[in-house]
Amino acid sequence: MGERLKITDPEKLALLYERFRDVCLVEKEVWKEIFMPRDVSQGPVRTNIQERYEVEIDDPEVEDALEANIVRGPNALGAAIQEYRTHLIFYRNV
């Protein structure tokens, strides 16, 4: 497997938290990988190509709490993600 880049940029993390919430709501479970459109700051890109991000949750109790909030809807899950954001780590393979 290739090298992984930990995402630390606050703006990128905000987008990843939102995408993570949306994917979990659609799939009705906590997902360990999400896809995002490529960053357009890198110049022209094909819009159908997406980057894959791995999601690590460093505490099983946090994962359980997130899972429990999925059925409560986007506001509850979004609040839980914000509360536990320090336990969510996003990586992109480089």
# chains A, B, ... in the order shown; residues from 1 in each chain; ligands from 1

$ residues_around --residues "Met36 of chain A" --least-positions-apart "4" --cutoff "7 Å" --atoms "only C-alpha atoms" --output "list in words"
Gln50, Glu51 and Arg52 of chain A

$ write_last_selection --atoms "all heavy atoms" --output "compact mmCIF listing (two decimals), in the first residue's frame"
# COMPACT_ATOMS: atom_id res chain seq x y z
N GLN A 50 -12.54 11.06 -8.53
CA GLN A 50 -12.63 11.46 -7.14
C GLN A 50 -11.45 10.91 -6.36
O GLN A 50 -10.83 9.93 -6.74
CB GLN A 50 -13.93 10.92 -6.52
CG GLN A 50 -15.16 11.46 -7.21
CD GLN A 50 -16.43 10.93 -6.59
OE1 GLN A 50 -16.45 9.89 -5.96
NE2 GLN A 50 -17.51 11.67 -6.75
N GLU A 51 -11.16 11.59 -5.24
CA GLU A 51 -10.11 11.13 -4.34
C GLU A 51 -10.74 10.33 -3.22
O GLU A 51 -11.81 10.68 -2.72
CB GLU A 51 -9.35 12.32 -3.77
CG GLU A 51 -8.56 13.06 -4.83
CD GLU A 51 -7.84 14.27 -4.28
OE1 GLU A 51 -8.30 14.86 -3.30
OE2 GLU A 51 -6.80 14.62 -4.87
N ARG A 52 -10.06 9.28 -2.82
CA ARG A 52 -10.55 8.43 -1.74
C ARG A 52 -9.85 8.82 -0.45
O ARG A 52 -8.63 8.98 -0.40
CB ARG A 52 -10.27 6.97 -2.05
CG ARG A 52 -10.80 6.02 -0.98
CD ARG A 52 -10.63 4.58 -1.40
NE ARG A 52 -9.26 4.17 -1.38
CZ ARG A 52 -8.70 3.45 -0.40
NH1 ARG A 52 -9.42 3.05 0.62
NH2 ARG A 52 -7.44 3.12 -0.46

$ select_by_dssp --residues "chain A" --states "strand (DSSP E)" --output "number ranges by chain"
A: 4-6, 33-37, 50-57, 88-93

$ closest_residue --among "A:Glu61, A:Glu29, A:Glu56, A:Glu3" --to "Leu77 of chain A" --atoms "only C-alpha atoms"
A:Glu29

$ residues_around --residues "Asn75 of chain A" --least-positions-apart "5" --cutoff "12 Å" --atoms "only C-alpha atoms" --output "list of chain:residue names"
A:Glu18, A:Arg21, A:Asp22, A:Leu25, A:Leu66, A:Asn69, A:Ile70, A:Ala80, A:Ile81, A:Gln82

$ write_last_selection --atoms "all heavy atoms" --output "JSON list (two decimals), in the first residue's frame"
[["chain", "number", "residue", "atom", "x", "y", "z"],
["A", 18, "GLU", "N", -18.36, 17.12, 6.71],
["A", 18, "GLU", "CA", -19.68, 17.22, 6.08],
["A", 18, "GLU", "C", -19.94, 16.02, 5.16],
["A", 18, "GLU", "O", -21.01, 15.43, 5.18],
["A", 18, "GLU", "CB", -19.77, 18.52, 5.29],
["A", 18, "GLU", "CG", -21.12, 18.77, 4.69],
["A", 18, "GLU", "CD", -21.18, 20.11, 3.98],
["A", 18, "GLU", "OE1", -20.58, 21.09, 4.45],
["A", 18, "GLU", "OE2", -21.86, 20.16, 2.93],
["A", 21, "ARG", "N", -20.57, 12.90, 7.20],
["A", 21, "ARG", "CA", -21.94, 12.91, 7.71],
["A", 21, "ARG", "C", -22.91, 12.45, 6.63],
["A", 21, "ARG", "O", -23.75, 11.57, 6.86],
["A", 21, "ARG", "CB", -22.32, 14.30, 8.19],
["A", 21, "ARG", "CG", -23.73, 14.37, 8.78],
["A", 21, "ARG", "CD", -24.29, 15.76, 8.77],
["A", 21, "ARG", "NE", -24.48, 16.17, 7.38],
["A", 21, "ARG", "CZ", -24.58, 17.42, 6.98],
["A", 21, "ARG", "NH1", -24.51, 18.41, 7.85],
["A", 21, "ARG", "NH2", -24.76, 17.71, 5.72],
["A", 22, "ASP", "N", -22.78, 13.02, 5.45],
["A", 22, "ASP", "CA", -23.70, 12.69, 4.36],
["A", 22, "ASP", "C", -23.63, 11.23, 3.97],
["A", 22, "ASP", "O", -24.65, 10.57, 3.75],
["A", 22, "ASP", "CB", -23.44, 13.58, 3.14],
["A", 22, "ASP", "CG", -23.77, 15.05, 3.40],
["A", 22, "ASP", "OD1", -24.45, 15.34, 4.40],
["A", 22, "ASP", "OD2", -23.32, 15.90, 2.61],
["A", 25, "LEU", "N", -25.25, 9.03, 6.61],
["A", 25, "LEU", "CA", -26.71, 9.13, 6.58],
["A", 25, "LEU", "C", -27.29, 8.32, 5.42],
["A", 25, "LEU", "O", -28.31, 7.65, 5.58],
["A", 25, "LEU", "CB", -27.14, 10.59, 6.48],
["A", 25, "LEU", "CG", -26.95, 11.42, 7.75],
["A", 25, "LEU", "CD1", -27.16, 12.89, 7.44],
["A", 25, "LEU", "CD2", -27.89, 10.95, 8.85],
["A", 66, "LEU", "N", -21.39, 7.73, 17.25],
["A", 66, "LEU", "CA", -21.73, 8.22, 15.91],
["A", 66, "LEU", "C", -22.80, 7.33, 15.27],
["A", 66, "LEU", "O", -23.77, 7.83, 14.70],
["A", 66, "LEU", "CB", -20.49, 8.27, 15.03],
["A", 66, "LEU", "CG", -19.42, 9.28, 15.43],
["A", 66, "LEU", "CD1", -18.17, 9.10, 14.58],
["A", 66, "LEU", "CD2", -19.94, 10.70, 15.32],
["A", 69, "ASN", "N", -26.24, 8.04, 16.49],
["A", 69, "ASN", "CA", -26.81, 9.31, 16.05],
["A", 69, "ASN", "C", -27.26, 9.31, 14.60],
["A", 69, "ASN", "O", -27.96, 10.24, 14.17],
["A", 69, "ASN", "CB", -25.82, 10.45, 16.30],
["A", 69, "ASN", "CG", -25.89, 10.92, 17.73],
["A", 69, "ASN", "OD1", -26.83, 11.60, 18.11],
["A", 69, "ASN", "ND2", -24.91, 10.52, 18.53],
["A", 70, "ILE", "N", -26.90, 8.30, 13.84],
["A", 70, "ILE", "CA", -27.30, 8.26, 12.43],
["A", 70, "ILE", "C", -28.82, 8.26, 12.30],
["A", 70, "ILE", "O", -29.38, 9.00, 11.50],
["A", 70, "ILE", "CB", -26.67, 7.04, 11.72],
["A", 70, "ILE", "CG1", -25.16, 7.25, 11.58],
["A", 70, "ILE", "CG2", -27.31, 6.82, 10.35],
["A", 70, "ILE", "CD1", -24.40, 6.05, 11.06],
["A", 80, "ALA", "N", -22.74, 15.33, 16.69],
["A", 80, "ALA", "CA", -21.87, 14.29, 17.24],
["A", 80, "ALA", "C", -20.51, 14.31, 16.56],
["A", 80, "ALA", "O", -19.47, 14.16, 17.22],
["A", 80, "ALA", "CB", -22.53, 12.91, 17.09],
["A", 81, "ILE", "N", -20.49, 14.51, 15.26],
["A", 81, "ILE", "CA", -19.22, 14.59, 14.53],
["A", 81, "ILE", "C", -18.40, 15.76, 15.05],
["A", 81, "ILE", "O", -17.19, 15.63, 15.27],
["A", 81, "ILE", "CB", -19.47, 14.67, 13.01],
["A", 81, "ILE", "CG1", -19.96, 13.33, 12.49],
["A", 81, "ILE", "CG2", -18.20, 15.11, 12.27],
["A", 81, "ILE", "CD1", -20.46, 13.35, 11.07],
["A", 82, "GLN", "N", -19.04, 16.90, 15.26],
["A", 82, "GLN", "CA", -18.31, 18.06, 15.78],
["A", 82, "GLN", "C", -17.79, 17.80, 17.19],
["A", 82, "GLN", "O", -16.67, 18.17, 17.53],
["A", 82, "GLN", "CB", -19.20, 19.31, 15.76],
["A", 82, "GLN", "CG", -19.38, 19.88, 14.38],
["A", 82, "GLN", "CD", -18.04, 20.19, 13.71],
["A", 82, "GLN", "OE1", -17.19, 20.88, 14.26],
["A", 82, "GLN", "NE2", -17.85, 19.66, 12.51]]

$ closest_residue --among "A:Ala79, A:Arg85, A:Pro74, A:Arg92" --to "Cys24 of chain A" --atoms "only C-alpha atoms"
A:Pro74

$ atom_distance --atom1 "atom CA of Glu33 of chain A" --atom2 "atom CA of Tyr53 of chain A"
5.5 Å

$ decode --residues "segment 65-79 of chain A" --atoms "N, CA and C atoms" --output "PDB file, in the first residue's frame"
ATOM      1  N   ALA A  65     -21.108   5.926  19.370  1.00  0.00           N
ATOM      2  CA  ALA A  65     -21.905   7.146  19.553  1.00  0.00           C
ATOM      3  C   ALA A  65     -22.316   7.728  18.201  1.00  0.00           C
ATOM      4  N   LEU A  66     -21.394   7.728  17.253  1.00  0.00           N
ATOM      5  CA  LEU A  66     -21.730   8.219  15.911  1.00  0.00           C
ATOM      6  C   LEU A  66     -22.804   7.332  15.274  1.00  0.00           C
ATOM      7  N   GLU A  67     -22.622   6.036  15.407  1.00  0.00           N
ATOM      8  CA  GLU A  67     -23.588   5.076  14.857  1.00  0.00           C
ATOM      9  C   GLU A  67     -24.978   5.307  15.442  1.00  0.00           C
ATOM     10  N   ALA A  68     -25.039   5.561  16.742  1.00  0.00           N
ATOM     11  CA  ALA A  68     -26.331   5.783  17.403  1.00  0.00           C
ATOM     12  C   ALA A  68     -27.014   7.058  16.922  1.00  0.00           C
ATOM     13  N   ASN A  69     -26.243   8.037  16.494  1.00  0.00           N
ATOM     14  CA  ASN A  69     -26.815   9.307  16.054  1.00  0.00           C
ATOM     15  C   ASN A  69     -27.257   9.312  14.596  1.00  0.00           C
ATOM     16  N   ILE A  70     -26.901   8.301  13.843  1.00  0.00           N
ATOM     17  CA  ILE A  70     -27.300   8.255  12.430  1.00  0.00           C
ATOM     18  C   ILE A  70     -28.819   8.259  12.302  1.00  0.00           C
ATOM     19  N   VAL A  71     -29.487   7.455  13.118  1.00  0.00           N
ATOM     20  CA  VAL A  71     -30.954   7.358  13.018  1.00  0.00           C
ATOM     21  C   VAL A  71     -31.649   8.633  13.488  1.00  0.00           C
ATOM     22  N   ARG A  72     -30.935   9.491  14.177  1.00  0.00           N
ATOM     23  CA  ARG A  72     -31.520  10.743  14.673  1.00  0.00           C
ATOM     24  C   ARG A  72     -31.483  11.863  13.642  1.00  0.00           C
ATOM     25  N   GLY A  73     -30.825  11.616  12.507  1.00  0.00           N
ATOM     26  CA  GLY A  73     -30.849  12.586  11.419  1.00  0.00           C
ATOM     27  C   GLY A  73     -29.592  13.426  11.295  1.00  0.00           C
ATOM     28  N   PRO A  74     -29.575  14.301  10.288  1.00  0.00           N
ATOM     29  CA  PRO A  74     -28.358  15.059   9.962  1.00  0.00           C
ATOM     30  C   PRO A  74     -27.915  16.023  11.051  1.00  0.00           C
ATOM     31  N   ASN A  75     -28.837  16.667  11.740  1.00  0.00           N
ATOM     32  CA  ASN A  75     -28.428  17.620  12.781  1.00  0.00           C
ATOM     33  C   ASN A  75     -27.766  16.916  13.951  1.00  0.00           C
ATOM     34  N   ALA A  76     -28.356  15.815  14.396  1.00  0.00           N
ATOM     35  CA  ALA A  76     -27.790  15.063  15.527  1.00  0.00           C
ATOM     36  C   ALA A  76     -26.441  14.454  15.148  1.00  0.00           C
ATOM     37  N   LEU A  77     -26.368  13.875  13.958  1.00  0.00           N
ATOM     38  CA  LEU A  77     -25.102  13.277  13.531  1.00  0.00           C
ATOM     39  C   LEU A  77     -24.039  14.352  13.340  1.00  0.00           C
ATOM     40  N   GLY A  78     -24.416  15.479  12.752  1.00  0.00           N
ATOM     41  CA  GLY A  78     -23.464  16.583  12.576  1.00  0.00           C
ATOM     42  C   GLY A  78     -22.935  17.084  13.903  1.00  0.00           C
ATOM     43  N   ALA A  79     -23.818  17.195  14.901  1.00  0.00           N
ATOM     44  CA  ALA A  79     -23.396  17.636  16.235  1.00  0.00           C
ATOM     45  C   ALA A  79     -22.449  16.614  16.867  1.00  0.00           C
TER      46      ALA A  79
END
